[in-house]
Each structure stands twice: as structure tokens, then as C-alpha cells.
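Just data06.pdb here, PDB, C-alpha atoms, pLDDT in the B column:
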```pdb
ATOM      1  CA  ASP A 788      84.342 296.660  24.168  1.00 56.00           C
ATOM      2  CA  THR A 789      83.029 296.267  20.631  1.00 79.00           C
ATOM      3  CA  GLY A 790      86.090 294.668  19.092  1.00 93.00           C
ATOM      4  CA  VAL A 791      88.055 295.745  16.046  1.00 96.00           C
ATOM      5  CA  SER A 792      85.938 297.240  13.284  1.00 96.00           C
ATOM      6  CA  GLN A 793      86.777 297.850   9.643  1.00 97.00           C
ATOM      7  CA  ASP A 794      85.089 299.885   6.956  1.00 97.00           C
ATOM      8  CA  PRO A 795      84.064 299.210   4.281  1.00 97.00           C
ATOM      9  CA  ARG A 796      83.569 295.468   4.400  1.00 96.00           C
ATOM     10  CA  HIS A 797      83.661 295.193   0.623  1.00 96.00           C
ATOM     11  CA  LYS A 798      85.094 297.417  -2.071  1.00 98.00           C
ATOM     12  CA  ILE A 799      84.990 296.996  -5.843  1.00 98.00           C
ATOM     13  CA  THR A 800      87.089 299.406  -7.845  1.00 98.00           C
ATOM     14  CA  LYS A 801      88.547 299.783 -11.302  1.00 97.00           C
ATOM     15  CA  ARG A 802      92.223 299.415 -11.979  1.00 97.00           C
ATOM     16  CA  GLY A 803      94.030 302.706 -11.509  1.00 97.00           C
ATOM     17  CA  GLN A 804      91.656 304.107  -8.905  1.00 98.00           C
ATOM     18  CA  ASN A 805      92.635 304.966  -5.353  1.00 98.00           C
ATOM     19  CA  VAL A 806      90.977 303.291  -2.378  1.00 98.00           C
ATOM     20  CA  THR A 807      91.099 303.923   1.363  1.00 98.00           C
ATOM     21  CA  PHE A 808      90.195 301.560   4.168  1.00 98.00           C
ATOM     22  CA  ARG A 809      89.605 302.383   7.802  1.00 98.00           C
ATOM     23  CA  CYS A 810      90.306 300.367  10.936  1.00 98.00           C
ATOM     24  CA  ASP A 811      89.081 301.167  14.438  1.00 97.00           C
ATOM     25  CA  PRO A 812      91.004 299.095  16.989  1.00 97.00           C
ATOM     26  CA  ILE A 813      89.849 298.045  20.416  1.00 95.00           C
ATOM     27  CA  SER A 814      90.004 301.116  22.637  1.00 92.00           C
ATOM     28  CA  GLU A 815      93.175 301.378  24.698  1.00 89.00           C
ATOM     29  CA  HIS A 816      95.071 299.103  22.302  1.00 93.00           C
ATOM     30  CA  ASN A 817      98.349 300.798  21.488  1.00 93.00           C
ATOM     31  CA  ARG A 818      99.449 298.372  18.796  1.00 94.00           C
ATOM     32  CA  LEU A 819      97.776 298.200  15.397  1.00 96.00           C
ATOM     33  CA  TYR A 820      98.679 295.864  12.531  1.00 96.00           C
ATOM     34  CA  TRP A 821      97.616 295.586   8.897  1.00 97.00           C
ATOM     35  CA  TYR A 822      97.736 292.258   7.082  1.00 97.00           C
ATOM     36  CA  ARG A 823      96.816 291.157   3.564  1.00 97.00           C
ATOM     37  CA  GLN A 824      95.279 287.803   2.777  1.00 95.00           C
ATOM     38  CA  THR A 825      95.002 286.441  -0.736  1.00 95.00           C
ATOM     39  CA  LEU A 826      92.898 283.477  -1.741  1.00 90.00           C
ATOM     40  CA  GLY A 827      94.141 280.204  -0.308  1.00 88.00           C
ATOM     41  CA  GLN A 828      96.824 281.842   1.806  1.00 92.00           C
ATOM     42  CA  GLY A 829      97.276 282.886   5.385  1.00 94.00           C
ATOM     43  CA  PRO A 830      97.450 286.577   6.263  1.00 95.00           C
ATOM     44  CA  GLU A 831     100.756 288.346   5.543  1.00 95.00           C
ATOM     45  CA  PHE A 832     102.037 291.265   7.582  1.00 94.00           C
ATOM     46  CA  LEU A 833     102.012 294.684   5.935  1.00 95.00           C
ATOM     47  CA  THR A 834     102.692 297.327   8.582  1.00 95.00           C
ATOM     48  CA  TYR A 835     102.645 298.084  12.299  1.00 94.00           C
ATOM     49  CA  PHE A 836     101.798 301.139  14.405  1.00 95.00           C
ATOM     50  CA  GLN A 837     102.551 301.763  18.030  1.00 93.00           C
ATOM     51  CA  ASN A 838     100.257 304.611  18.972  1.00 93.00           C
ATOM     52  CA  GLU A 839     100.644 307.091  16.092  1.00 93.00           C
ATOM     53  CA  ALA A 840     104.118 305.955  15.029  1.00 93.00           C
ATOM     54  CA  GLN A 841     104.510 303.618  12.086  1.00 93.00           C
ATOM     55  CA  LEU A 842     107.383 301.461  13.290  1.00 91.00           C
ATOM     56  CA  GLU A 843     107.594 298.701  10.732  1.00 89.00           C
ATOM     57  CA  LYS A 844     106.728 298.135   7.089  1.00 90.00           C
ATOM     58  CA  SER A 845     106.918 294.864   5.213  1.00 90.00           C
ATOM     59  CA  ARG A 846     108.618 294.677   1.846  1.00 88.00           C
ATOM     60  CA  LEU A 847     105.139 293.724   0.604  1.00 85.00           C
ATOM     61  CA  LEU A 848     104.101 297.331   1.171  1.00 88.00           C
ATOM     62  CA  SER A 849     104.971 298.952  -2.152  1.00 90.00           C
ATOM     63  CA  ASP A 850     105.167 302.720  -2.511  1.00 94.00           C
ATOM     64  CA  ARG A 851     101.582 302.725  -3.774  1.00 96.00           C
ATOM     65  CA  PHE A 852     100.483 301.799  -0.261  1.00 96.00           C
ATOM     66  CA  SER A 853     100.388 304.275   2.594  1.00 96.00           C
ATOM     67  CA  ALA A 854      99.057 303.907   6.106  1.00 97.00           C
ATOM     68  CA  GLU A 855      98.409 306.406   8.843  1.00 96.00           C
ATOM     69  CA  ARG A 856      97.255 306.472  12.425  1.00 96.00           C
ATOM     70  CA  PRO A 857      97.107 310.204  13.056  1.00 91.00           C
ATOM     71  CA  LYS A 858      95.916 310.336  16.649  1.00 87.00           C
ATOM     72  CA  GLY A 859      96.890 306.896  17.765  1.00 86.00           C
ATOM     73  CA  SER A 860      93.332 305.668  17.499  1.00 91.00           C
ATOM     74  CA  PHE A 861      91.875 304.656  14.115  1.00 96.00           C
ATOM     75  CA  SER A 862      94.086 303.881  11.137  1.00 98.00           C
ATOM     76  CA  THR A 863      93.684 304.216   7.386  1.00 98.00           C
ATOM     77  CA  LEU A 864      95.302 302.205   4.621  1.00 98.00           C
ATOM     78  CA  GLU A 865      95.347 303.812   1.186  1.00 98.00           C
ATOM     79  CA  ILE A 866      96.221 302.106  -2.059  1.00 97.00           C
ATOM     80  CA  GLN A 867      96.966 304.390  -4.985  1.00 97.00           C
ATOM     81  CA  ARG A 868      96.670 303.380  -8.639  1.00 97.00           C
ATOM     82  CA  THR A 869      95.200 300.003  -7.763  1.00 97.00           C
ATOM     83  CA  GLU A 870      96.232 296.937  -9.733  1.00 97.00           C
ATOM     84  CA  GLN A 871      94.433 293.628 -10.153  1.00 96.00           C
ATOM     85  CA  GLY A 872      97.076 292.021  -7.971  1.00 95.00           C
ATOM     86  CA  ASP A 873      95.891 294.172  -5.067  1.00 97.00           C
ATOM     87  CA  SER A 874      92.656 292.167  -4.897  1.00 97.00           C
ATOM     88  CA  ALA A 875      92.695 290.583  -1.465  1.00 96.00           C
ATOM     89  CA  MET A 876      91.229 290.708   2.021  1.00 96.00           C
ATOM     90  CA  TYR A 877      92.827 293.461   4.115  1.00 97.00           C
ATOM     91  CA  LEU A 878      92.787 292.663   7.813  1.00 97.00           C
ATOM     92  CA  CYS A 879      93.438 294.913  10.758  1.00 97.00           C
ATOM     93  CA  ALA A 880      94.420 293.682  14.208  1.00 97.00           C
ATOM     94  CA  SER A 881      95.166 295.362  17.512  1.00 96.00           C
ATOM     95  CA  SER A 882      96.791 294.466  20.797  1.00 93.00           C
ATOM     96  CA  THR A 883      98.086 296.042  23.973  1.00 91.00           C
ATOM     97  CA  LEU A 884     101.746 296.773  24.592  1.00 85.00           C
ATOM     98  CA  SER A 885     101.895 294.170  27.319  1.00 84.00           C
ATOM     99  CA  GLU A 886     100.276 291.279  25.483  1.00 83.00           C
ATOM    100  CA  GLU A 887     101.192 289.495  22.265  1.00 83.00           C
ATOM    101  CA  THR A 888      97.619 288.439  21.476  1.00 91.00           C
ATOM    102  CA  GLN A 889      96.230 290.194  18.414  1.00 94.00           C
ATOM    103  CA  TYR A 890      92.503 290.653  17.891  1.00 95.00           C
ATOM    104  CA  PHE A 891      91.341 290.872  14.313  1.00 96.00           C
ATOM    105  CA  GLY A 892      88.615 292.839  12.609  1.00 96.00           C
ATOM    106  CA  PRO A 893      86.235 291.414   9.998  1.00 95.00           C
ATOM    107  CA  GLY A 894      88.409 292.596   7.128  1.00 96.00           C
ATOM    108  CA  THR A 895      87.846 294.617   3.963  1.00 97.00           C
ATOM    109  CA  ARG A 896      87.591 292.557   0.809  1.00 96.00           C
ATOM    110  CA  LEU A 897      88.941 294.447  -2.207  1.00 97.00           C
ATOM    111  CA  LEU A 898      88.252 293.494  -5.800  1.00 97.00           C
ATOM    112  CA  VAL A 899      90.081 295.380  -8.513  1.00 98.00           C
ATOM    113  CA  LEU A 900      88.531 295.007 -11.966  1.00 96.00           C
TER
ATOM    114  CA  ALA B1454     113.721 282.644   9.040  1.00 74.00           C
ATOM    115  CA  GLN B1455     110.738 281.572  11.054  1.00 82.00           C
ATOM    116  CA  SER B1456     107.963 279.677   9.356  1.00 89.00           C
ATOM    117  CA  VAL B1457     104.743 277.844  10.058  1.00 95.00           C
ATOM    118  CA  THR B1458     103.660 274.759   8.145  1.00 96.00           C
ATOM    119  CA  GLN B1459     100.177 273.368   8.057  1.00 97.00           C
ATOM    120  CA  PRO B1460     100.577 270.156   6.049  1.00 96.00           C
ATOM    121  CA  ASP B1461      96.883 269.546   5.412  1.00 96.00           C
ATOM    122  CA  ILE B1462      95.188 271.920   3.003  1.00 96.00           C
ATOM    123  CA  HIS B1463      91.730 270.358   3.373  1.00 97.00           C
ATOM    124  CA  ILE B1464      90.307 267.884   5.873  1.00 97.00           C
ATOM    125  CA  THR B1465      86.848 266.338   5.929  1.00 97.00           C
ATOM    126  CA  VAL B1466      85.471 264.736   9.080  1.00 97.00           C
ATOM    127  CA  SER B1467      82.084 263.409  10.035  1.00 97.00           C
ATOM    128  CA  GLU B1468      80.035 265.269  12.595  1.00 97.00           C
ATOM    129  CA  GLY B1469      80.754 263.831  16.025  1.00 97.00           C
ATOM    130  CA  ALA B1470      84.158 262.494  15.022  1.00 98.00           C
ATOM    131  CA  SER B1471      87.385 263.675  16.576  1.00 97.00           C
ATOM    132  CA  LEU B1472      89.641 266.204  14.869  1.00 97.00           C
ATOM    133  CA  GLU B1473      93.334 266.944  14.812  1.00 98.00           C
ATOM    134  CA  LEU B1474      94.830 269.736  12.716  1.00 98.00           C
ATOM    135  CA  ARG B1475      98.585 269.758  12.377  1.00 98.00           C
ATOM    136  CA  CYS B1476     100.925 272.708  12.762  1.00 97.00           C
ATOM    137  CA  ASN B1477     104.714 272.720  12.693  1.00 96.00           C
ATOM    138  CA  TYR B1478     106.836 275.779  13.342  1.00 94.00           C
ATOM    139  CA  SER B1479     110.486 276.632  12.968  1.00 89.00           C
ATOM    140  CA  TYR B1480     112.060 278.673  15.744  1.00 80.00           C
ATOM    141  CA  GLY B1481     114.980 277.971  18.052  1.00 70.00           C
ATOM    142  CA  ALA B1482     113.522 279.114  21.346  1.00 76.00           C
ATOM    143  CA  THR B1483     110.050 278.761  22.847  1.00 77.00           C
ATOM    144  CA  PRO B1484     107.660 280.505  20.497  1.00 87.00           C
ATOM    145  CA  TYR B1485     104.409 282.275  21.134  1.00 91.00           C
ATOM    146  CA  LEU B1486     101.844 280.211  19.227  1.00 94.00           C
ATOM    147  CA  PHE B1487      98.238 280.814  18.237  1.00 96.00           C
ATOM    148  CA  TRP B1488      95.344 279.122  16.513  1.00 98.00           C
ATOM    149  CA  TYR B1489      92.758 281.270  14.767  1.00 98.00           C
ATOM    150  CA  VAL B1490      89.562 280.280  12.949  1.00 97.00           C
ATOM    151  CA  GLN B1491      88.096 282.083   9.944  1.00 95.00           C
ATOM    152  CA  SER B1492      84.583 281.593   8.602  1.00 92.00           C
ATOM    153  CA  PRO B1493      84.007 282.440   4.923  1.00 86.00           C
ATOM    154  CA  GLY B1494      84.334 286.151   4.259  1.00 81.00           C
ATOM    155  CA  GLN B1495      85.074 286.914   7.899  1.00 84.00           C
ATOM    156  CA  GLY B1496      88.021 288.001   9.987  1.00 88.00           C
ATOM    157  CA  LEU B1497      90.021 285.768  12.299  1.00 94.00           C
ATOM    158  CA  GLN B1498      88.795 284.673  15.702  1.00 95.00           C
ATOM    159  CA  LEU B1499      91.298 283.588  18.330  1.00 96.00           C
ATOM    160  CA  LEU B1500      90.778 280.000  19.468  1.00 97.00           C
ATOM    161  CA  LEU B1501      93.716 279.610  21.844  1.00 97.00           C
ATOM    162  CA  LYS B1502      97.314 280.583  22.482  1.00 95.00           C
ATOM    163  CA  TYR B1503     100.485 279.208  24.036  1.00 94.00           C
ATOM    164  CA  PHE B1504     103.161 281.356  25.611  1.00 89.00           C
ATOM    165  CA  SER B1505     104.679 279.160  28.318  1.00 85.00           C
ATOM    166  CA  GLY B1506     103.788 276.769  31.109  1.00 87.00           C
ATOM    167  CA  ASP B1507     101.375 273.901  30.695  1.00 89.00           C
ATOM    168  CA  THR B1508     101.877 272.461  27.235  1.00 91.00           C
ATOM    169  CA  LEU B1509      98.211 271.513  26.862  1.00 96.00           C
ATOM    170  CA  VAL B1510      96.109 274.631  26.404  1.00 97.00           C
ATOM    171  CA  GLN B1511      92.357 274.922  26.331  1.00 97.00           C
ATOM    172  CA  GLY B1512      90.525 277.283  24.072  1.00 97.00           C
ATOM    173  CA  ILE B1513      87.055 278.321  23.121  1.00 96.00           C
ATOM    174  CA  LYS B1514      84.457 276.125  21.447  1.00 94.00           C
ATOM    175  CA  GLY B1515      85.886 272.966  23.013  1.00 96.00           C
ATOM    176  CA  PHE B1516      89.243 273.137  21.223  1.00 97.00           C
ATOM    177  CA  GLU B1517      92.587 272.322  22.761  1.00 98.00           C
ATOM    178  CA  ALA B1518      96.158 272.275  21.494  1.00 98.00           C
ATOM    179  CA  GLU B1519      99.350 270.651  22.673  1.00 97.00           C
ATOM    180  CA  PHE B1520     102.787 272.207  22.373  1.00 95.00           C
ATOM    181  CA  LYS B1521     105.499 269.622  21.735  1.00 94.00           C
ATOM    182  CA  ARG B1522     108.946 271.150  21.638  1.00 92.00           C
ATOM    183  CA  SER B1523     110.637 267.931  20.530  1.00 92.00           C
ATOM    184  CA  GLN B1524     108.442 267.811  17.435  1.00 93.00           C
ATOM    185  CA  SER B1525     108.178 271.589  16.891  1.00 93.00           C
ATOM    186  CA  SER B1526     104.447 271.080  16.762  1.00 95.00           C
ATOM    187  CA  PHE B1527     101.312 272.749  18.064  1.00 97.00           C
ATOM    188  CA  ASN B1528      98.441 270.551  16.909  1.00 98.00           C
ATOM    189  CA  LEU B1529      94.832 271.549  17.411  1.00 98.00           C
ATOM    190  CA  ARG B1530      92.323 268.966  18.606  1.00 98.00           C
ATOM    191  CA  LYS B1531      88.643 268.617  19.304  1.00 98.00           C
ATOM    192  CA  PRO B1532      87.045 265.401  20.602  1.00 97.00           C
ATOM    193  CA  SER B1533      83.727 265.788  18.810  1.00 97.00           C
ATOM    194  CA  VAL B1534      83.255 268.032  15.800  1.00 97.00           C
ATOM    195  CA  HIS B1535      80.051 269.993  15.204  1.00 96.00           C
ATOM    196  CA  TRP B1536      78.773 271.122  11.816  1.00 96.00           C
ATOM    197  CA  SER B1537      79.368 274.735  12.886  1.00 95.00           C
ATOM    198  CA  ASP B1538      83.121 274.012  13.133  1.00 97.00           C
ATOM    199  CA  ALA B1539      83.380 273.986   9.344  1.00 97.00           C
ATOM    200  CA  ALA B1540      85.769 276.861   8.612  1.00 97.00           C
ATOM    201  CA  GLU B1541      89.412 277.553   7.862  1.00 97.00           C
ATOM    202  CA  TYR B1542      91.943 277.223  10.646  1.00 98.00           C
ATOM    203  CA  PHE B1543      95.235 279.089  10.838  1.00 98.00           C
ATOM    204  CA  CYS B1544      98.230 278.443  13.026  1.00 97.00           C
ATOM    205  CA  ALA B1545     100.491 281.425  13.716  1.00 96.00           C
ATOM    206  CA  VAL B1546     103.705 282.293  15.521  1.00 93.00           C
ATOM    207  CA  VAL B1547     105.032 285.651  16.664  1.00 89.00           C
ATOM    208  CA  ASP B1548     107.817 286.818  14.375  1.00 83.00           C
ATOM    209  CA  TYR B1549     110.890 287.376  16.471  1.00 72.00           C
ATOM    210  CA  GLY B1550     112.956 288.267  13.426  1.00 65.00           C
ATOM    211  CA  GLY B1551     111.139 291.563  13.352  1.00 60.00           C
ATOM    212  CA  SER B1552     110.867 293.641  16.465  1.00 59.00           C
ATOM    213  CA  GLN B1553     107.206 294.447  16.641  1.00 70.00           C
ATOM    214  CA  GLY B1554     105.434 291.194  17.288  1.00 80.00           C
ATOM    215  CA  ASN B1555     103.723 290.693  13.964  1.00 87.00           C
ATOM    216  CA  LEU B1556     102.432 287.206  13.271  1.00 92.00           C
ATOM    217  CA  ILE B1557     103.602 284.648  10.723  1.00 93.00           C
ATOM    218  CA  PHE B1558     100.744 282.443   9.575  1.00 96.00           C
ATOM    219  CA  GLY B1559     100.544 279.038   7.990  1.00 96.00           C
ATOM    220  CA  LYS B1560      98.547 278.640   4.798  1.00 96.00           C
ATOM    221  CA  GLY B1561      95.570 277.296   6.671  1.00 97.00           C
ATOM    222  CA  THR B1562      93.581 274.078   6.803  1.00 98.00           C
ATOM    223  CA  LYS B1563      90.048 274.087   5.518  1.00 97.00           C
ATOM    224  CA  LEU B1564      87.748 271.896   7.562  1.00 98.00           C
ATOM    225  CA  SER B1565      84.617 270.394   6.059  1.00 97.00           C
ATOM    226  CA  VAL B1566      82.118 268.511   8.235  1.00 97.00           C
ATOM    227  CA  LYS B1567      79.976 265.713   6.839  1.00 96.00           C
ATOM    228  CA  PRO B1568      76.535 265.188   8.391  1.00 91.00           C
TER
END
```
Just give me the structure of the file as C-alpha cells.
Amino acid sequence: DTGVSQDPRHKITKRGQNVTFRCDPISEHNRLYWYRQTLGQGPEFLTYFQNEAQLEKSRLLSDRFSAERPKGSFSTLEIQRTEQGDSAMYLCASSTLSEETQYFGPGTRLLVL
Amino acid sequence: AQSVTQPDIHITVSEGASLELRCNYSYGATPYLFWYVQSPGQGLQLLLKYFSGDTLVQGIKGFEAEFKRSQSSFNLRKPSVHWSDAAEYFCAVVDYGGSQGNLIFGKGTKLSVKP
């Protein structure tokens, strides 16, 4: 078990560009969560997948954000037309259906110039 | 709505001294509570969790936390701090307002360790 992995670890982009992040959860973990963490704050929930189904989206997830988990394994988070306010650490976490404990990846730090 | 409050933004302790980080939550029933630690530029590592049962829970790296329902608190403690404990610590509770078990985090407490 290698833990949750995320790619890339760092991303610098220009305002208006699209970016995509990938998360590979712990194998056999049905639940996958995306969080966003801005400087000086705790992580905030963005969206949740159970297997391939996206079951919950936070009001923080504007229509420029889209997430997928096509085969119930890895997930992608895409941000279209990035804005400077999107600069943050994007964290992925996974858990089993029977346990509330979430295990986090190392995060992708996004900087929008 | 549920919330988590970590009253201390930044704490400095001397190496070898004891540590207590405060966490208060708001929720009517028994919550599921967690402490995570985050080193600079890294993700979150689980230190310990409380679901039910014994109110004093042991975690990794010599940390423990005590659930006190009467005070709505879940404070994290360590008897002797090491320089490698310098990091940011987050308390979290499962959000029962939603249906999918996402976590609500406090704003974190940054721990600095003096030699």
C-alpha cells in the first residue's frame, strides 16, 4: 500500500489557462474527496466520489471546476480559465466505505500568475 | 452548522517541554474527531482519531488526545516535544450536515519548537 498520490506536486500557470490535477487513492478505497487549502486556513471540502459517482459538491466548487473518477480508481480535478484566487493547495483524500478515517495525499500546490 | 475552533494560531514551546493544543467543536451528538499534522508544503498525516469508547486516545509519535463532552473539546497533548514536531496541526470533525462524511477542519495551530 503506497498511500494516496497526487500529480503534479506543483503547478504554475497564467491566469486564464486550464489546469488538471490527478489523484490516485489507496487501492480498494471506494471514497475519494477533494479539498482546497489556502494560506493560513484549514482544508475546505470541494467534492466527493463514491466509486465513480460524484455524490456531493460544495458551493465552493464553481462551474469552472470539474472533477471525474471515470473507473472508480484515480480522479482528476480540472480548473478552467484559472483566476488568481484559485491559487491554493489542492488535497485529495480517500477512505473505505466502512471507515470514516480519511488518508491524504501530498497535495498539488497551484500558483496562478 | 458544525464548526471546529482552534483558538491558538501559533504556539512556541521549548524542546523537551510539554504541549497542549486546544480544539473545540460544535455538534450535538458524539462526533467523530481527528487530529492531523502537516509539515510545510506537505499533505496531512493522521495523528489520532476518536469515534467512541475510551475518551483518552493514543496516536502516533507519542501524541494523545482527550475527548471531553462537557467542554466540547478534543485537546492534543504530548509530554515532551521534539524539534521534529514543529509543524501545523489541524483538528477536524466529520460533517454530519452533509451525507458523505467530509471533514470540517479548524484553521490550524502552528507549532514552533525552540532548542
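Residues of protein, DNA and RNA with at least one atom no farther than 8 Å from (92.1, 299.1, -9.9) are, using only C-alpha atoms, A:Thr800, A:Lys801, A:Arg802, A:Gly803, A:Gln804, A:Asn805, A:Arg868, A:Thr869, A:Glu870, A:Gln871, A:Asp873, A:Leu898, A:Val899, A:Leu900.
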Practice task
Please write as a PyMOL selection string the full residue list that the PyMOL selection byres ((chain A) within 9 of (chain B)) yields on this file.
Solution key: chain A and resi 818+820+827-832+834-837+842-843+876+878-879+887-896
Exercise for the section: Spell out the residues picked by the PyMOL selection byres ((chain B and resi 1516-1522) around 12) here, as a ChimeraX atom specification. Expected result: /B:1471-1490,1499-1515,1523-1535,1538,1542,1544
Problem - Picked residues, the PyMOL selection byres ((chain A and resi 798) around 6), expected as a list in words - result: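 That selection, the PyMOL selection byres ((chain A and resi 798) around 6), comes back as His797, Ile799 and Leu897 of chain A.
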Handout entry: d(CA of Phe852 in chain A, CA of Cys810 in chain A) in Å
Key =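 A separation of 15.2 Å between them.
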Practice task
Provide the CA of Ser845 in chain A to CA of Val791 in chain A distance in Å, to one decimal place.
Solution key: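 Separation between CA of Ser845 in chain A and CA of Val791 in chain A: 21.8 Å.
What separates CA of Arg856 in chain A from CA of Phe808 in chain A is a distance of 11.9 Å.
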Repaired coordinates for range 879-899 of chain A (N, CA, C and O atoms) as an mmCIF file, keeping the file's coordinate frame:
```
data_model
loop_
_atom_site.group_PDB
_atom_site.id
_atom_site.type_symbol
_atom_site.label_atom_id
_atom_site.label_comp_id
_atom_site.auth_asym_id
_atom_site.auth_seq_id
_atom_site.Cartn_x
_atom_site.Cartn_y
_atom_site.Cartn_z
ATOM 1 N N CYS A 879 92.849 294.062 9.732
ATOM 2 C CA CYS A 879 93.438 294.913 10.758
ATOM 3 C C CYS A 879 93.377 294.154 12.080
ATOM 4 O O CYS A 879 92.411 293.421 12.343
ATOM 5 N N ALA A 880 94.401 294.318 12.893
ATOM 6 C CA ALA A 880 94.420 293.682 14.208
ATOM 7 C C ALA A 880 94.987 294.662 15.219
ATOM 8 O O ALA A 880 95.769 295.554 14.864
ATOM 9 N N SER A 881 94.609 294.501 16.473
ATOM 10 C CA SER A 881 95.166 295.362 17.512
ATOM 11 C C SER A 881 95.509 294.547 18.752
ATOM 12 O O SER A 881 95.006 293.435 18.943
ATOM 13 N N SER A 882 96.409 295.115 19.547
ATOM 14 C CA SER A 882 96.791 294.466 20.797
ATOM 15 C C SER A 882 97.304 295.534 21.754
ATOM 16 O O SER A 882 97.560 296.675 21.366
ATOM 17 N N THR A 883 97.484 295.136 23.003
ATOM 18 C CA THR A 883 98.086 296.042 23.973
ATOM 19 C C THR A 883 99.606 295.919 23.909
ATOM 20 O O THR A 883 100.138 294.990 23.303
ATOM 21 N N LEU A 884 100.285 296.827 24.561
ATOM 22 C CA LEU A 884 101.746 296.773 24.592
ATOM 23 C C LEU A 884 102.247 295.614 25.432
ATOM 24 O O LEU A 884 103.344 295.112 25.219
ATOM 25 N N SER A 885 101.429 295.181 26.377
ATOM 26 C CA SER A 885 101.895 294.170 27.319
ATOM 27 C C SER A 885 101.509 292.752 26.925
ATOM 28 O O SER A 885 101.912 291.801 27.586
ATOM 29 N N GLU A 886 100.751 292.602 25.849
ATOM 30 C CA GLU A 886 100.276 291.279 25.483
ATOM 31 C C GLU A 886 100.497 291.031 24.002
ATOM 32 O O GLU A 886 100.273 291.902 23.175
ATOM 33 N N GLU A 887 100.920 289.833 23.660
ATOM 34 C CA GLU A 887 101.192 289.495 22.265
ATOM 35 C C GLU A 887 99.948 289.120 21.480
ATOM 36 O O GLU A 887 99.986 289.003 20.266
ATOM 37 N N THR A 888 98.826 288.898 22.154
ATOM 38 C CA THR A 888 97.619 288.439 21.476
ATOM 39 C C THR A 888 97.031 289.548 20.619
ATOM 40 O O THR A 888 96.759 290.641 21.109
ATOM 41 N N GLN A 889 96.821 289.238 19.345
ATOM 42 C CA GLN A 889 96.230 290.194 18.414
ATOM 43 C C GLN A 889 94.778 289.812 18.153
ATOM 44 O O GLN A 889 94.463 288.649 17.939
ATOM 45 N N TYR A 890 93.923 290.831 18.142
ATOM 46 C CA TYR A 890 92.503 290.653 17.891
ATOM 47 C C TYR A 890 92.192 291.264 16.534
ATOM 48 O O TYR A 890 92.536 292.413 16.286
ATOM 49 N N PHE A 891 91.556 290.481 15.697
ATOM 50 C CA PHE A 891 91.341 290.872 14.313
ATOM 51 C C PHE A 891 89.958 291.435 14.063
ATOM 52 O O PHE A 891 88.971 291.024 14.696
ATOM 53 N N GLY A 892 89.888 292.352 13.104
ATOM 54 C CA GLY A 892 88.615 292.839 12.609
ATOM 55 C C GLY A 892 88.071 291.914 11.541
ATOM 56 O O GLY A 892 88.707 290.926 11.171
ATOM 57 N N PRO A 893 86.892 292.267 10.989
ATOM 58 C CA PRO A 893 86.235 291.414 9.998
ATOM 59 C C PRO A 893 86.872 291.486 8.615
ATOM 60 O O PRO A 893 86.587 290.659 7.755
ATOM 61 N N GLY A 894 87.731 292.490 8.411
ATOM 62 C CA GLY A 894 88.409 292.596 7.128
ATOM 63 C C GLY A 894 87.660 293.435 6.113
ATOM 64 O O GLY A 894 86.446 293.644 6.212
ATOM 65 N N THR A 895 88.408 293.945 5.136
ATOM 66 C CA THR A 895 87.846 294.617 3.963
ATOM 67 C C THR A 895 88.272 293.806 2.745
ATOM 68 O O THR A 895 89.470 293.622 2.504
ATOM 69 N N ARG A 896 87.277 293.331 2.015
ATOM 70 C CA ARG A 896 87.591 292.557 0.809
ATOM 71 C C ARG A 896 87.612 293.501 -0.385
ATOM 72 O O ARG A 896 86.611 294.160 -0.673
ATOM 73 N N LEU A 897 88.755 293.564 -1.050
ATOM 74 C CA LEU A 897 88.941 294.447 -2.207
ATOM 75 C C LEU A 897 88.987 293.632 -3.484
ATOM 76 O O LEU A 897 89.716 292.646 -3.578
ATOM 77 N N LEU A 898 88.214 294.083 -4.460
ATOM 78 C CA LEU A 898 88.252 293.494 -5.800
ATOM 79 C C LEU A 898 88.579 294.595 -6.789
ATOM 80 O O LEU A 898 87.853 295.603 -6.862
ATOM 81 N N VAL A 899 89.662 294.405 -7.509
ATOM 82 C CA VAL A 899 90.081 295.380 -8.513
ATOM 83 C C VAL A 899 89.790 294.806 -9.893
ATOM 84 O O VAL A 899 90.317 293.746 -10.257
#
```
